[in-house]
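Visitor: What follows is the file coords-v2.pdb, containing PDB, C-alpha atoms:
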```pdb
ATOM      1  CA  MET A  22      31.761 111.532 109.910
ATOM      2  CA  MET A  23      33.727 109.010 107.879
ATOM      3  CA  ILE A  24      34.110 111.501 105.032
ATOM      4  CA  ALA A  25      35.563 114.138 107.393
ATOM      5  CA  ALA A  26      37.970 111.591 108.884
ATOM      6  CA  SER A  27      39.034 110.513 105.395
ATOM      7  CA  LYS A  28      39.708 114.112 104.355
ATOM      8  CA  LYS A  29      41.676 114.704 107.526
ATOM      9  CA  PHE A  30      43.727 111.559 106.875
ATOM     10  CA  ASN A  31      44.408 112.607 103.268
ATOM     11  CA  ARG A  32      45.523 116.084 104.367
ATOM     12  CA  LYS A  33      47.882 114.523 106.930
ATOM     13  CA  ALA A  34      49.291 112.098 104.321
ATOM     14  CA  SER A  35      49.787 114.924 101.820
ATOM     15  CA  LYS A  36      51.594 116.983 104.438
ATOM     16  CA  GLN A  37      53.876 114.050 105.259
ATOM     17  CA  ASN A  38      54.596 113.468 101.565
ATOM     18  CA  LEU A  39      55.421 117.153 101.119
ATOM     19  CA  GLU A  40      57.779 117.091 104.112
ATOM     20  CA  LEU A  41      59.438 113.948 102.764
ATOM     21  CA  GLN A  42      59.939 115.568  99.348
ATOM     22  CA  ILE A  43      61.467 118.655 100.985
ATOM     23  CA  GLU A  44      63.825 116.446 103.026
ATOM     24  CA  ASN A  45      64.861 114.482  99.925
ATOM     25  CA  ARG A  46      65.428 117.690  97.960
ATOM     26  CA  THR A  47      67.480 119.160 100.819
ATOM     27  CA  GLY A  48      69.557 116.012 101.092
ATOM     28  CA  THR A  49      70.233 116.021  97.353
ATOM     29  CA  LEU A  50      71.309 119.677  97.459
ATOM     30  CA  MET A  51      73.671 118.926 100.342
ATOM     31  CA  LEU A  52      75.278 116.146  98.292
ATOM     32  CA  VAL A  53      75.951 118.418  95.314
ATOM     33  CA  PRO A  54      79.131 120.157  96.660
ATOM     34  CA  ALA A  55      80.741 116.866  97.698
ATOM     35  CA  THR A  56      79.798 115.262  94.379
ATOM     36  CA  LEU A  57      81.276 118.148  92.401
ATOM     37  CA  LEU A  58      84.521 118.010  94.398
ATOM     38  CA  LEU A  59      84.691 114.237  93.925
ATOM     39  CA  LEU A  60      84.217 114.612  90.181
ATOM     40  CA  LEU A  61      86.707 117.488  89.940
ATOM     41  CA  PHE A  62      89.526 116.033  92.033
ATOM     42  CA  VAL A  63      89.060 112.259  91.614
ATOM     43  CA  VAL A  64      87.070 111.217  88.571
ATOM     44  CA  VAL A  65      88.420 113.812  86.133
ATOM     45  CA  PRO A  66      92.128 113.314  87.101
ATOM     46  CA  VAL A  67      91.754 109.522  86.829
ATOM     47  CA  CYS A  68      90.210 109.806  83.370
ATOM     48  CA  LEU A  69      92.866 112.309  82.244
ATOM     49  CA  SER A  70      95.631 110.096  83.619
ATOM     50  CA  PHE A  71      94.284 107.138  81.676
ATOM     51  CA  ILE A  72      94.184 109.168  78.462
ATOM     52  CA  LEU A  73      97.545 110.915  78.885
ATOM     53  CA  ALA A  74      99.328 107.634  79.662
ATOM     54  CA  PHE A  75      99.113 106.770  75.964
ATOM     55  CA  THR A  76     100.444 110.132  74.739
ATOM     56  CA  ASN A  77     103.732 112.051  74.768
ATOM     57  CA  ALA A  78     102.159 114.970  76.648
ATOM     58  CA  ARG A  79     104.477 117.365  78.467
ATOM     59  CA  LEU A  80     103.680 119.821  81.246
ATOM     60  CA  VAL A  81     104.813 122.790  79.130
ATOM     61  CA  SER A  82     104.971 122.288  75.386
ATOM     62  CA  SER A  83     104.274 124.287  72.247
ATOM     63  CA  THR A  84     102.955 121.184  70.437
ATOM     64  CA  SER A  85      99.796 119.229  71.150
ATOM     65  CA  PRO A  86     100.104 115.722  72.663
ATOM     66  CA  GLN A  87     100.446 112.865  70.198
ATOM     67  CA  PHE A  88      99.192 109.308  70.655
ATOM     68  CA  VAL A  89     102.197 107.000  71.214
ATOM     69  CA  GLY A  90     100.463 103.785  72.214
ATOM     70  CA  LEU A  91     102.366 101.671  74.753
ATOM     71  CA  THR A  92     105.651 103.569  74.383
ATOM     72  CA  ASN A  93     105.482 105.042  77.886
ATOM     73  CA  PHE A  94     104.774 101.646  79.425
ATOM     74  CA  ALA A  95     107.624 100.040  77.503
ATOM     75  CA  ALA A  96     110.018 102.758  78.682
ATOM     76  CA  MET A  97     108.780 102.385  82.257
ATOM     77  CA  PHE A  98     109.231  98.609  82.397
ATOM     78  CA  ALA A  99     112.690  98.982  80.841
ATOM     79  CA  ASP A 100     113.733 101.553  83.458
ATOM     80  CA  SER A 101     115.742 100.040  86.310
ATOM     81  CA  ALA A 102     114.686 102.924  88.562
ATOM     82  CA  PHE A 103     111.041 101.837  88.276
ATOM     83  CA  TRP A 104     111.853  98.305  89.373
ATOM     84  CA  ALA A 105     113.962  99.687  92.227
ATOM     85  CA  ALA A 106     110.982 101.823  93.279
ATOM     86  CA  LEU A 107     108.676  98.807  93.128
ATOM     87  CA  LYS A 108     111.122  96.784  95.218
ATOM     88  CA  ASN A 109     111.430  99.559  97.807
ATOM     89  CA  VAL A 110     107.663  99.927  98.087
ATOM     90  CA  THR A 111     107.315  96.169  98.551
ATOM     91  CA  ILE A 112     109.921  96.111 101.328
ATOM     92  CA  PHE A 113     108.403  99.182 102.935
ATOM     93  CA  THR A 114     104.925  97.654 102.917
ATOM     94  CA  VAL A 115     105.982  94.190 104.099
ATOM     95  CA  VAL A 116     107.810  95.691 107.089
ATOM     96  CA  VAL A 117     105.553  98.617 107.988
ATOM     97  CA  VAL A 118     102.151  96.877 107.863
ATOM     98  CA  PRO A 119     102.726  94.139 110.490
ATOM     99  CA  VAL A 120     105.095  96.151 112.697
ATOM    100  CA  GLN A 121     102.969  99.296 112.775
ATOM    101  CA  ALA A 122      99.737  97.367 113.305
ATOM    102  CA  GLY A 123     101.324  95.184 115.999
ATOM    103  CA  LEU A 124     102.852  98.104 117.899
ATOM    104  CA  GLY A 125      99.608 100.052 117.673
ATOM    105  CA  LEU A 126      97.690  97.091 119.132
ATOM    106  CA  LEU A 127     100.268  96.616 121.903
ATOM    107  CA  LEU A 128     100.082 100.283 122.908
ATOM    108  CA  ALA A 129      96.290 100.236 122.756
ATOM    109  CA  VAL A 130      96.102  97.193 125.041
ATOM    110  CA  LEU A 131      98.552  98.758 127.493
ATOM    111  CA  ILE A 132      96.722 102.080 127.804
ATOM    112  CA  ASN A 133      93.227 100.597 127.671
ATOM    113  CA  LYS A 134      93.378 100.070 131.421
ATOM    114  CA  LYS A 135      91.558 102.729 133.413
ATOM    115  CA  VAL A 136      94.586 104.334 135.068
ATOM    116  CA  ARG A 137      95.239 107.987 135.779
ATOM    117  CA  SER A 138      98.122 108.277 133.301
ATOM    118  CA  SER A 139      96.335 106.689 130.315
ATOM    119  CA  VAL A 140      95.172 110.041 128.887
ATOM    120  CA  PHE A 141      98.718 111.408 129.150
ATOM    121  CA  PHE A 142     100.186 108.457 127.233
ATOM    122  CA  ARG A 143      97.465 108.643 124.577
ATOM    123  CA  THR A 144      98.386 112.276 123.993
ATOM    124  CA  ILE A 145     102.123 111.544 123.840
ATOM    125  CA  TYR A 146     101.705 108.675 121.385
ATOM    126  CA  PHE A 147      99.360 110.699 119.176
ATOM    127  CA  LEU A 148     101.476 113.875 119.000
ATOM    128  CA  PRO A 149     103.583 112.714 115.996
ATOM    129  CA  VAL A 150     100.387 111.988 114.060
ATOM    130  CA  ILE A 151      99.055 115.538 114.288
ATOM    131  CA  THR A 152     102.489 116.944 113.437
ATOM    132  CA  SER A 153     103.090 117.656 109.755
ATOM    133  CA  MET A 154     104.983 114.890 107.978
ATOM    134  CA  VAL A 155     107.304 117.549 106.533
ATOM    135  CA  VAL A 156     108.171 118.750 110.041
ATOM    136  CA  VAL A 157     108.674 115.193 111.285
ATOM    137  CA  SER A 158     110.868 114.369 108.283
ATOM    138  CA  LEU A 159     113.025 117.462 108.854
ATOM    139  CA  LEU A 160     113.370 116.553 112.533
ATOM    140  CA  TRP A 161     114.533 113.034 111.754
ATOM    141  CA  LEU A 162     116.764 114.363 108.985
ATOM    142  CA  PHE A 163     118.797 116.109 111.689
ATOM    143  CA  ILE A 164     118.608 113.081 114.003
ATOM    144  CA  TYR A 165     120.064 110.809 111.307
ATOM    145  CA  GLN A 166     123.024 113.058 110.435
ATOM    146  CA  ASN A 167     126.617 112.051 111.196
ATOM    147  CA  ASP A 168     126.690 114.370 114.186
ATOM    148  CA  GLY A 169     122.985 113.876 114.930
ATOM    149  CA  MET A 170     121.355 112.757 118.129
ATOM    150  CA  LEU A 171     121.066 109.083 117.148
ATOM    151  CA  ASN A 172     124.790 108.596 116.578
ATOM    152  CA  ILE A 173     125.640 110.549 119.733
ATOM    153  CA  VAL A 174     123.292 108.428 121.868
ATOM    154  CA  LEU A 175     124.575 105.165 120.403
ATOM    155  CA  GLN A 176     128.172 106.242 120.976
ATOM    156  CA  LYS A 177     127.388 107.082 124.603
ATOM    157  CA  LEU A 178     125.610 103.775 125.181
ATOM    158  CA  THR A 179     128.481 101.769 123.681
ATOM    159  CA  PHE A 180     131.183 103.859 125.425
ATOM    160  CA  GLY A 181     132.567 105.064 122.104
ATOM    161  CA  MET A 182     132.710 101.642 120.429
ATOM    162  CA  PHE A 183     129.982 102.559 117.936
ATOM    163  CA  LYS A 184     131.186 104.613 115.000
ATOM    164  CA  GLY A 185     128.839 107.168 113.531
ATOM    165  CA  VAL A 186     126.781 106.159 110.483
ATOM    166  CA  ASP A 187     125.461 108.506 107.827
ATOM    167  CA  TRP A 188     122.112 106.775 107.903
ATOM    168  CA  LEU A 189     120.444 108.529 104.970
ATOM    169  CA  ASN A 190     123.440 108.567 102.632
ATOM    170  CA  ASN A 191     124.172 104.862 102.931
ATOM    171  CA  PRO A 192     122.193 102.637 100.507
ATOM    172  CA  LYS A 193     122.184  99.856 103.119
ATOM    173  CA  THR A 194     120.575 101.939 105.868
ATOM    174  CA  ALA A 195     118.602 104.697 104.126
ATOM    175  CA  LEU A 196     115.393 102.730 103.511
ATOM    176  CA  GLY A 197     115.488 101.196 106.983
ATOM    177  CA  ALA A 198     115.870 104.653 108.525
ATOM    178  CA  ILE A 199     112.808 105.933 106.662
ATOM    179  CA  ILE A 200     110.828 102.834 107.633
ATOM    180  CA  PHE A 201     111.668 103.334 111.327
ATOM    181  CA  MET A 202     110.665 107.004 111.218
ATOM    182  CA  SER A 203     107.423 106.236 109.364
ATOM    183  CA  ILE A 204     106.391 103.631 111.928
ATOM    184  CA  TRP A 205     107.170 106.018 114.786
ATOM    185  CA  GLN A 206     105.143 108.801 113.188
ATOM    186  CA  ALA A 207     101.966 106.843 112.374
ATOM    187  CA  VAL A 208     101.731 104.212 115.107
ATOM    188  CA  GLY A 209      99.758 106.571 117.368
ATOM    189  CA  ASN A 210      96.982 106.896 114.802
ATOM    190  CA  HIS A 211      96.430 103.161 114.598
ATOM    191  CA  MET A 212      96.770 102.882 118.360
ATOM    192  CA  LEU A 213      93.660 105.064 118.699
ATOM    193  CA  ILE A 214      91.775 102.968 116.133
ATOM    194  CA  TRP A 215      92.683  99.785 118.005
ATOM    195  CA  LEU A 216      91.699 101.497 121.256
ATOM    196  CA  SER A 217      88.268 102.423 119.904
ATOM    197  CA  GLY A 218      87.780  98.788 118.942
ATOM    198  CA  LEU A 219      88.889  97.553 122.376
ATOM    199  CA  GLN A 220      86.432  99.830 124.128
ATOM    200  CA  THR A 221      83.494  98.333 122.219
ATOM    201  CA  ILE A 222      84.126  94.857 123.672
ATOM    202  CA  PRO A 223      81.595  94.127 126.461
ATOM    203  CA  ASN A 224      83.121  93.626 129.913
ATOM    204  CA  ASP A 225      80.765  90.698 130.410
ATOM    205  CA  LEU A 226      82.924  88.624 128.086
ATOM    206  CA  TYR A 227      86.029  89.260 130.195
ATOM    207  CA  GLU A 228      84.119  88.518 133.400
ATOM    208  CA  ALA A 229      82.942  85.218 131.960
ATOM    209  CA  ALA A 230      86.502  84.410 130.892
ATOM    210  CA  ASN A 231      87.756  85.163 134.411
ATOM    211  CA  LEU A 232      85.140  82.848 135.882
ATOM    212  CA  ASP A 233      86.349  80.127 133.527
ATOM    213  CA  GLY A 234      89.893  80.645 134.797
ATOM    214  CA  CYS A 235      91.324  82.005 131.528
ATOM    215  CA  SER A 236      94.759  83.596 131.650
ATOM    216  CA  THR A 237      95.494  87.051 130.223
ATOM    217  CA  TRP A 238      96.788  85.534 126.998
ATOM    218  CA  GLN A 239      93.761  83.235 126.697
ATOM    219  CA  GLN A 240      91.437  86.213 127.179
ATOM    220  CA  PHE A 241      93.240  88.093 124.421
ATOM    221  CA  LYS A 242      93.213  85.078 122.100
ATOM    222  CA  HIS A 243      89.595  84.004 122.604
ATOM    223  CA  VAL A 244      87.881  87.292 123.497
ATOM    224  CA  THR A 245      89.846  90.365 122.428
ATOM    225  CA  TRP A 246      91.214  89.227 119.067
ATOM    226  CA  PRO A 247      87.958  87.784 117.642
ATOM    227  CA  CYS A 248      86.035  90.913 118.717
ATOM    228  CA  LEU A 249      88.532  93.137 116.869
ATOM    229  CA  ARG A 250      87.846  91.529 113.495
ATOM    230  CA  SER A 251      86.289  94.554 111.789
ATOM    231  CA  THR A 252      88.862  96.906 113.349
ATOM    232  CA  ARG A 253      91.864  94.884 112.213
ATOM    233  CA  ASN A 254      90.444  94.541 108.693
ATOM    234  CA  MET A 255      90.131  98.320 108.401
ATOM    235  CA  ILE A 256      93.616  98.875 109.841
ATOM    236  CA  LEU A 257      95.122  96.317 107.469
ATOM    237  CA  VAL A 258      93.669  98.057 104.410
ATOM    238  CA  THR A 259      94.501 101.619 105.524
ATOM    239  CA  ILE A 260      98.098 100.847 106.518
ATOM    240  CA  THR A 261      98.731  98.944 103.295
ATOM    241  CA  ILE A 262      97.431 101.751 101.082
ATOM    242  CA  ALA A 263      99.363 104.372 103.076
ATOM    243  CA  ALA A 264     102.567 102.305 102.918
ATOM    244  CA  THR A 265     102.394 101.826  99.161
ATOM    245  CA  SER A 266     101.848 105.566  98.608
ATOM    246  CA  VAL A 267     104.813 106.781 100.675
ATOM    247  CA  PHE A 268     106.202 110.043  99.275
ATOM    248  CA  THR A 269     106.706 112.973 101.655
ATOM    249  CA  GLN A 270     109.430 111.491 103.840
ATOM    250  CA  VAL A 271     111.337 110.286 100.778
ATOM    251  CA  ASN A 272     111.060 113.677  99.094
ATOM    252  CA  VAL A 273     112.238 115.584 102.184
ATOM    253  CA  MET A 274     114.895 113.229 103.541
ATOM    254  CA  THR A 275     116.607 111.488 100.615
ATOM    255  CA  SER A 276     115.097 112.604  97.272
ATOM    256  CA  GLY A 277     114.964 108.943  96.313
ATOM    257  CA  GLY A 278     118.663 108.333  96.888
ATOM    258  CA  PRO A 279     121.252 107.195  97.407
ATOM    259  CA  LEU A 280     121.397 105.112  94.214
ATOM    260  CA  ASN A 281     117.585 104.798  94.106
ATOM    261  CA  SER A 282     117.636 102.905  97.401
ATOM    262  CA  THR A 283     114.654 104.867  98.756
ATOM    263  CA  THR A 284     112.778 105.901  95.627
ATOM    264  CA  THR A 285     109.113 104.892  95.421
ATOM    265  CA  VAL A 286     106.507 104.600  92.687
ATOM    266  CA  VAL A 287     104.648 107.749  93.778
ATOM    267  CA  TYR A 288     107.904 109.692  94.086
ATOM    268  CA  GLN A 289     108.934 108.628  90.596
ATOM    269  CA  ALA A 290     105.579 109.644  89.131
ATOM    270  CA  ILE A 291     105.715 113.112  90.703
ATOM    271  CA  GLN A 292     109.330 113.613  89.672
ATOM    272  CA  ALA A 293     108.580 112.579  86.094
ATOM    273  CA  GLY A 294     105.481 114.758  85.883
ATOM    274  CA  PHE A 295     106.613 117.983  87.559
ATOM    275  CA  LYS A 296     110.403 117.986  87.476
ATOM    276  CA  GLN A 297     111.000 116.307  84.122
ATOM    277  CA  GLN A 298     107.635 117.601  82.801
ATOM    278  CA  GLU A 299     106.841 114.259  81.149
ATOM    279  CA  ILE A 300     103.148 114.124  81.950
ATOM    280  CA  GLY A 301     102.511 111.171  79.650
ATOM    281  CA  TYR A 302     105.196 109.046  81.275
ATOM    282  CA  ALA A 303     104.070 110.086  84.771
ATOM    283  CA  SER A 304     100.492 109.172  83.896
ATOM    284  CA  ALA A 305     101.666 105.725  82.803
ATOM    285  CA  ILE A 306     103.347 105.235  86.187
ATOM    286  CA  THR A 307     100.241 106.368  88.072
ATOM    287  CA  LEU A 308      98.048 104.092  85.967
ATOM    288  CA  VAL A 309     100.204 101.080  86.815
ATOM    289  CA  TYR A 310     100.211 102.174  90.459
ATOM    290  CA  PHE A 311      96.400 102.424  90.399
ATOM    291  CA  VAL A 312      96.126  98.883  89.036
ATOM    292  CA  LEU A 313      98.523  97.576  91.693
ATOM    293  CA  ILE A 314      96.564  99.256  94.493
ATOM    294  CA  LEU A 315      93.323  97.884  93.053
ATOM    295  CA  ILE A 316      94.740  94.350  92.999
ATOM    296  CA  ILE A 317      96.113  94.663  96.543
ATOM    297  CA  THR A 318      92.795  95.992  97.827
ATOM    298  CA  MET A 319      90.850  93.180  96.156
ATOM    299  CA  VAL A 320      93.200  90.582  97.635
ATOM    300  CA  LEU A 321      92.865  92.112 101.097
ATOM    301  CA  ARG A 322      89.099  92.226 100.766
ATOM    302  CA  TYR A 323      89.117  88.551  99.779
ATOM    303  CA  LEU A 324      91.352  87.553 102.680
ATOM    304  CA  THR A 325      89.321  89.532 105.226
ATOM    305  CA  ARG A 326      85.878  88.610 103.894
ATOM    306  CA  ASP A 327      83.186  87.149 106.110
ATOM    307  CA  LYS A 328      83.569  83.393 105.681
ATOM    308  CA  ASP A 329      80.300  82.537 107.437
TER     309      ASP A 329
END
```
Mind turning this structure into structure tokens?

Guide:
Amino acid sequence: MMIAASKKFNRKASKQNLELQIENRTGTLMLVPATLLLLLFVVVPVCLSFILAFTNARLVSSTSPQFVGLTNFAAMFADSAFWAALKNVTIFTVVVVPVQAGLGLLLAVLINKKVRSSVFFRTIYFLPVITSMVVVSLLWLFIYQNDGMLNIVLQKLTFGMFKGVDWLNNPKTALGAIIFMSIWQAVGNHMLIWLSGLQTIPNDLYEAANLDGCSTWQQFKHVTWPCLRSTRNMILVTITIAATSVFTQVNVMTSGGPLNSTTTVVYQAIQAGFKQQEIGYASAITLVYFVLILIITMVLRYLTRDKD
């Protein structure tokens, strides 16, 4: 009797082990396509960029690349356009990150109430996000023109006292115009992320706060904000990385001008690599950009770490 039970148990264990092996093998096979794509489009380009940054490689050339050491980096740090791009990216990031995150949180709090129109407003706020950045940039390109909608509206509101401004061709206003458009386009995305975080907060906490006589602001400060810790950390990192890699709106609206007032590090790298065909120099820019992003990410991770 015991021998039969033991054999039955062994057969059952063997069957379970076989099923587990099949599941593991299936899971591994399902990972293969993603792994290959990751290697092909991430790992290989990063390795090539690191190698080419120390050569004089060109996109189209009859001669093979030659090792030039730190020549590309020396030329980059001596180029005033690179420092202008770094300055523009810094300004863009410093303005966009808090404003976009703050507006997204404000909109999320406002539409988090269970009212009939909340779905309508969520859709309206999210429409610019699902619209192509190229399309949005072209739309705002027309809005910012001398005879565009923005100048016309401002002239009407000021009864003709406001004189039209060529927003994108003025070095003093071009970067600000792109910043405003970028915030408008992406705020809906972060609104939804904030909203998902708000909807995970238990109502019991708000009911307890009401019983304690907390005001709306006190509820937000002591209940809502602490419960959004993981959400705000993710939003902080994603907005920062997106802000430092701004390219499309600059390429469509200003081409880095006027007088390099809107050029960015990514825009410079793409221009150097594909327009000027200096792949080595472009790789040096991307390598420096990679290091900067790595440092920023590490700093953000340190600031948002769990201090418990």

Visitor: On this structure, which residues satisfy the PyMOL selection byres ((chain A and resi 109) around 8), written as a CSV table (one decimal) with C-alpha atoms, in the coordinates of the input?

Guide:
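Final output, expr-v8.csv:
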```
chain,number,residue,atom,x,y,z
A,105,ALA,CA,114.0,99.7,92.2
A,106,ALA,CA,111.0,101.8,93.3
A,107,LEU,CA,108.7,98.8,93.1
A,108,LYS,CA,111.1,96.8,95.2
A,110,VAL,CA,107.7,99.9,98.1
A,111,THR,CA,107.3,96.2,98.6
A,112,ILE,CA,109.9,96.1,101.3
A,113,PHE,CA,108.4,99.2,102.9
A,196,LEU,CA,115.4,102.7,103.5
A,282,SER,CA,117.6,102.9,97.4
A,283,THR,CA,114.7,104.9,98.8
A,284,THR,CA,112.8,105.9,95.6
A,285,THR,CA,109.1,104.9,95.4
```

Visitor: Ranking A:Asn272, A:Gln292, A:Ser203, A:Asn133 by minimum distance to Leu219 (chain A) and counting only C-alpha atoms, which one comes first?

Guide: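 Distance minimum relative to Leu219 (chain A) lands on A:Asn133.
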
Visitor: For region 154-167 of chain A, find every residue with an atom within 7 Å (counting all atoms listed in the file), except residues of its own chain fewer than 2 positions away, and show them as a ChimeraX atom specification.

Guide: /A:152,169-172,185-189,269-270,273-274

Visitor: Using the chain letters and numbers from this file, what does the PyMOL selection byres ((chain A and resi 252) around 10) select? Give the answer as a short mmCIF file (atom, residue, chain, number, x, y, z; two decimals) with C-alpha atoms, in the frame of the given file.

Guide:
```cif
data_model
loop_
_atom_site.label_atom_id
_atom_site.label_comp_id
_atom_site.auth_asym_id
_atom_site.auth_seq_id
_atom_site.Cartn_x
_atom_site.Cartn_y
_atom_site.Cartn_z
CA HIS A 211 96.43 103.16 114.60
CA ILE A 214 91.78 102.97 116.13
CA TRP A 215 92.68 99.78 118.00
CA LEU A 216 91.70 101.50 121.26
CA SER A 217 88.27 102.42 119.90
CA GLY A 218 87.78 98.79 118.94
CA LEU A 219 88.89 97.55 122.38
CA TRP A 246 91.21 89.23 119.07
CA CYS A 248 86.04 90.91 118.72
CA LEU A 249 88.53 93.14 116.87
CA ARG A 250 87.85 91.53 113.50
CA SER A 251 86.29 94.55 111.79
CA ARG A 253 91.86 94.88 112.21
CA ASN A 254 90.44 94.54 108.69
CA MET A 255 90.13 98.32 108.40
CA ILE A 256 93.62 98.88 109.84
CA LEU A 257 95.12 96.32 107.47
#
```

Visitor: Which residues match the PyMOL selection byres ((chain A and resi 86) around 12) in the file above, as a ChimeraX atom specification?

Guide: /A:72-85,87-90,299-301

Visitor: Which residue out of A:Ala102, A:Ile314, A:Leu131, A:Ile291 has the minimum interatomic distance to Thr265 (chain A) when all atoms listed in the file are used?

Guide: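 Once distances to Thr265 (chain A) are computed over all atoms listed in the file, the minimum belongs to A:Ile314.
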
Visitor: One number please: CA of Phe71 (chain A) to CA of Ala305 (chain A), in Å, one decimal.

Guide: 7.6 Å

Visitor: Edge lengths and centre in Å to one decimal, as AutoDock Vina command-line options, is what I'm after for the box along x, y and z that holds all listed atoms of region 154-173 of chain A once 8 Å is added on each side.

Guide:
```
--center_x 115.8 --center_y 113.7 --center_z 113.1 --size_x 37.7 --size_y 26.2 --size_z 29.2
```

Visitor: Between CA of Phe142 (chain A) and CA of Gln206 (chain A), what is the distance in Å, rounded to a tenth?

Guide: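 Distance reported for this atom pair: 14.9 Å.
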
Visitor: What is the distance, in Å and to one decimal place, between CA of Val117 (chain A) and CA of Ile306 (chain A)?

Guide: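 Those two atoms sit 22.9 Å apart.
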
Visitor: Give me the residues of region 164-224 of chain A that have any atom at most 12 Å from an atom of region 229-243 of chain A; for each, the nearest atom pair and the distance in Å, rounded to one decimal. Use all atoms listed in the file, sort by chain and number, and format it as a Markdown table.

Guide:
```
| residue | atom | partner | partner_atom | distance |
| --- | --- | --- | --- | --- |
| A:Leu219 | CA | A:Phe241 | CA | 10.6 |
| A:Ile222 | CA | A:Phe241 | CA | 11.4 |
| A:Pro223 | CA | A:Ala229 | CA | 10.6 |
| A:Asn224 | CA | A:Ala229 | CA | 8.7 |
```
